[in-house]
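Undergrad: One structure is given below, represented as structure tokens, and several questions about it will come after.
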Amino acid sequence: MENNKKLEEYRRRYRAEFIGAGYNGWLHLAFTVSASVAVITYSLFLLKDPTWYQWLTVPLAFIYTNLMEYWGHRGPMHHRRRLLGGVYQRHTLRHHRFFRQDAMAYGGSRDFHAVLFPPVLVVFFLLVTVVPSALLVHWLLGANVAWLYVATVFGYFLNYELLHFSYHMRAESWIGRLPGMAALRRLHTQHHDPRLMQHYNFNITYPIGDWLFGTLYWPEAVEDRAPSAASN
Ligand SMILES: [Zn+2]
Ligand SMILES: [Zn+2]
């Protein structure tokens with residue numbers, strides 16, 4: 001009860017302090033989708049007769065991005081780092097205080113602000129991480145592989161944003177009832193338990209990194225591990 005009051009109070013404070021009067025959650029979502037689709041379409045448009053082995057870029061870039069998601073979340077999003085302090089603040093100090101395992105759903109569309117990456121961060125992410133790595137891939141393996149890499153990274157990013165967006169919808173909504181959604185949502189819901197968030201379920205999308213590095217929390221399988229995480 002006391003906890004619920006604290007969460008509601010934090011939500012009120014967040015809405016007053018960080019969400020501007022002109023903010024529109026649906027427009028924010030539309031920006032995320034259209035910017036990603038534009039980059040993916042543009043990249044695919046520039047392909048010139050890719051060979052079958054060049055298409056292997058797609059699964060390889062998918063795995064690479066899954067591991068980046070894992071380490072980005074397990075690292076700077078949950079541990080304060082000098083250069084990436086803003087990332088820690090946005091995620092651990094704000095997102096995790098706004099949503100808890102027993103209060104995962106938005107109060108309204110303005111709350112999308114506490115989930116989706118701000119547009120300025122999307123542009124930053126494009127310029128600082130995707131452009132240099134794509135240039136390196138281009139230099140090493142040619143234009144087709146570079147454009148397939150960019151398309152896959154942005155496809156992955158869009159998938160990440162839409163899945164995370166969906167986990168914070170009401171479980172009984174039509175999105176919450178899509179096939180597979182309940183299982184993925186459950187993993188992320190457990191990650192929102194303050195006793196588990198520093199230890200388990202760092203993949204927001206598919207738990208490949210968690211599975212590889214032993215941080216997958218699947219209650220039936222690791223029931224006995226939860227209390228020790230809780231006491232840390
Ligand atoms: Zn979340
Ligand atoms: Zn987290």
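Please note that chains go A, B, ... in the order of the structure tokens, that every chain numbers its residues from 1, and that ligands are numbered from 1 in the order shown.
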Would you return as a VMD selection string the members of range 75-154 of chain A that DSSP assigns to helix (DSSP H, G or I) on this structure's backbone?

TA: chain A and resid 85 to 98 109 to 114 119 to 141 143 to 154

Undergrad: Need the shell around Ile175 in chain A: protein/DNA/RNA residues with any atom at most 12 Å away, counting only C-alpha atoms. Skip same-chain ones fewer than 5 positions apart. Format as a list in words?

TA: Leu162, Leu163, His164, Phe165, Ser166, Tyr167, His168, Met169, Arg170, Gly180, Met181, Ala182 and Arg185 of chain A

Undergrad: Could you tell me how far CA of Leu135 in chain A lies from CA of Ile204 in chain A, in Å and to one decimal?

TA: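 Interatomic distance, CA of Leu135 in chain A to CA of Ile204 in chain A: 27.1 Å.
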
Undergrad: How would you write, as a VMD selection string, the set of residues no farther than 12 Å from ligand 1 when counting only C-alpha atoms and all ligand atoms?

TA: chain A and resid 73 77 90 to 92 94 to 101 103 to 106 111 to 117 160 to 169 184 to 194 197 201 to 205

Undergrad: I'd like the neighbourhood of Asn66 in chain A as a VMD selection string, where a residue qualifies if any of its atoms comes within 10 Å (using only C-alpha atoms), though same-chain residues fewer than 6 positions away should be ignored.

TA: chain A and resid 60 72 153 156 to 157 160 203 to 210

Undergrad: Write a file of the just-selected residues containing all heavy atoms, as a short mmCIF file (atom, residue, chain, number, x, y, z; two decimals), in the first residue's frame.

TA:
data_model
loop_
_atom_site.label_atom_id
_atom_site.label_comp_id
_atom_site.auth_asym_id
_atom_site.auth_seq_id
_atom_site.Cartn_x
_atom_site.Cartn_y
_atom_site.Cartn_z
N LEU A 60 23.62 -12.47 -38.55
CA LEU A 60 24.80 -12.13 -37.75
C LEU A 60 24.61 -10.78 -37.06
O LEU A 60 24.91 -10.63 -35.86
CB LEU A 60 26.06 -12.11 -38.63
CG LEU A 60 26.48 -13.49 -39.15
CD1 LEU A 60 27.66 -13.37 -40.12
CD2 LEU A 60 26.87 -14.41 -37.98
N GLY A 72 24.48 -3.36 -23.07
CA GLY A 72 24.09 -1.96 -22.83
C GLY A 72 23.18 -1.86 -21.63
O GLY A 72 23.31 -0.97 -20.78
N VAL A 153 20.06 -3.47 -38.02
CA VAL A 153 20.16 -2.76 -36.74
C VAL A 153 18.90 -1.92 -36.50
O VAL A 153 18.33 -1.92 -35.40
CB VAL A 153 21.43 -1.87 -36.70
CG1 VAL A 153 21.41 -0.91 -35.51
CG2 VAL A 153 22.68 -2.75 -36.62
N TYR A 156 15.95 -4.11 -35.79
CA TYR A 156 16.06 -4.60 -34.42
C TYR A 156 15.62 -3.51 -33.44
O TYR A 156 14.86 -3.77 -32.49
CB TYR A 156 17.51 -5.01 -34.12
CG TYR A 156 17.62 -5.82 -32.86
CD1 TYR A 156 17.70 -7.21 -32.91
CD2 TYR A 156 17.62 -5.21 -31.61
CE1 TYR A 156 17.78 -7.96 -31.75
CE2 TYR A 156 17.68 -5.95 -30.45
CZ TYR A 156 17.77 -7.32 -30.53
OH TYR A 156 17.83 -8.05 -29.38
N PHE A 157 16.10 -2.30 -33.68
CA PHE A 157 15.75 -1.17 -32.80
C PHE A 157 14.23 -0.98 -32.76
O PHE A 157 13.64 -0.82 -31.70
CB PHE A 157 16.46 0.10 -33.30
CG PHE A 157 15.96 1.35 -32.63
CD1 PHE A 157 16.29 1.63 -31.32
CD2 PHE A 157 15.12 2.23 -33.32
CE1 PHE A 157 15.80 2.77 -30.68
CE2 PHE A 157 14.63 3.36 -32.70
CZ PHE A 157 14.97 3.64 -31.38
N TYR A 160 12.67 -3.69 -30.78
CA TYR A 160 12.93 -3.42 -29.36
C TYR A 160 11.92 -2.41 -28.82
O TYR A 160 11.27 -2.64 -27.80
CB TYR A 160 14.36 -2.88 -29.24
CG TYR A 160 14.77 -2.35 -27.89
CD1 TYR A 160 15.64 -3.08 -27.07
CD2 TYR A 160 14.35 -1.10 -27.43
CE1 TYR A 160 16.04 -2.59 -25.84
CE2 TYR A 160 14.74 -0.61 -26.20
CZ TYR A 160 15.59 -1.36 -25.41
OH TYR A 160 15.99 -0.88 -24.19
N ASN A 203 17.92 -8.76 -21.50
CA ASN A 203 17.40 -8.60 -22.87
C ASN A 203 15.97 -8.11 -22.78
O ASN A 203 15.18 -8.64 -22.00
CB ASN A 203 17.39 -9.94 -23.62
CG ASN A 203 18.75 -10.30 -24.17
OD1 ASN A 203 19.34 -11.32 -23.81
ND2 ASN A 203 19.27 -9.49 -25.07
N ILE A 204 15.67 -7.07 -23.57
CA ILE A 204 14.30 -6.55 -23.59
C ILE A 204 13.52 -7.35 -24.64
O ILE A 204 12.33 -7.58 -24.52
CB ILE A 204 14.29 -5.05 -23.96
CG1 ILE A 204 15.17 -4.26 -23.00
CG2 ILE A 204 12.88 -4.49 -24.05
CD1 ILE A 204 14.58 -3.87 -21.70
N THR A 205 14.23 -7.77 -25.70
CA THR A 205 13.56 -8.51 -26.78
C THR A 205 13.66 -10.02 -26.49
O THR A 205 12.95 -10.50 -25.62
CB THR A 205 14.18 -8.18 -28.15
OG1 THR A 205 15.57 -8.50 -28.10
CG2 THR A 205 14.02 -6.70 -28.49
N TYR A 206 14.55 -10.71 -27.16
CA TYR A 206 14.63 -12.17 -27.04
C TYR A 206 15.81 -12.53 -26.14
O TYR A 206 16.92 -12.01 -26.35
CB TYR A 206 14.77 -12.79 -28.44
CG TYR A 206 13.80 -12.14 -29.40
CD1 TYR A 206 14.21 -11.16 -30.30
CD2 TYR A 206 12.43 -12.43 -29.31
CE1 TYR A 206 13.30 -10.51 -31.11
CE2 TYR A 206 11.52 -11.79 -30.12
CZ TYR A 206 11.96 -10.82 -31.02
OH TYR A 206 11.06 -10.15 -31.81
N PRO A 207 15.59 -13.42 -25.16
CA PRO A 207 16.61 -13.60 -24.10
C PRO A 207 17.84 -14.40 -24.50
O PRO A 207 18.25 -15.31 -23.78
CB PRO A 207 15.80 -14.29 -22.99
CG PRO A 207 14.71 -15.01 -23.69
CD PRO A 207 14.39 -14.22 -24.93
N ILE A 208 18.46 -14.06 -25.64
CA ILE A 208 19.64 -14.81 -26.10
C ILE A 208 20.84 -14.52 -25.19
O ILE A 208 21.51 -15.43 -24.70
CB ILE A 208 19.97 -14.48 -27.58
CG1 ILE A 208 18.76 -14.80 -28.46
CG2 ILE A 208 21.22 -15.20 -28.04
CD1 ILE A 208 18.88 -14.32 -29.90
N GLY A 209 21.11 -13.23 -24.94
CA GLY A 209 22.22 -12.84 -24.06
C GLY A 209 22.03 -13.38 -22.65
O GLY A 209 22.96 -13.91 -22.03
N ASP A 210 20.81 -13.29 -22.13
CA ASP A 210 20.52 -13.80 -20.78
C ASP A 210 20.77 -15.30 -20.69
O ASP A 210 21.29 -15.80 -19.69
CB ASP A 210 19.06 -13.50 -20.40
CG ASP A 210 18.87 -12.07 -19.95
OD1 ASP A 210 19.59 -11.64 -19.04
OD2 ASP A 210 18.01 -11.38 -20.53
#

Undergrad: In Å to one decimal, how far is CA of Val145 in chain A from CA of Gln54 in chain A?

TA: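 Result for CA of Gln54 in chain A versus CA of Val145 in chain A: 5.8 Å, one decimal.
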
Undergrad: Enter the distance from CA of Arg177 in chain A to CA of Pro219 in chain A, in Å, rounded to one decimal.

TA: 20.8 Å

Undergrad: Using only C-alpha atoms and all ligand atoms, which residue out of A:Trp147, A:Tyr217, A:Phe124, A:Tyr88 lies closest to ligand 2?

TA: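 So, comparing all the options, the nearest one is A:Tyr88.
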
Undergrad: When you count only C-alpha atoms, which of these residues is closest to Tyr10 in chain A: A:Ala151, A:Val122, A:Leu44, A:Leu93?

TA: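 Closest residue, counting only C-alpha atoms: A:Leu93.
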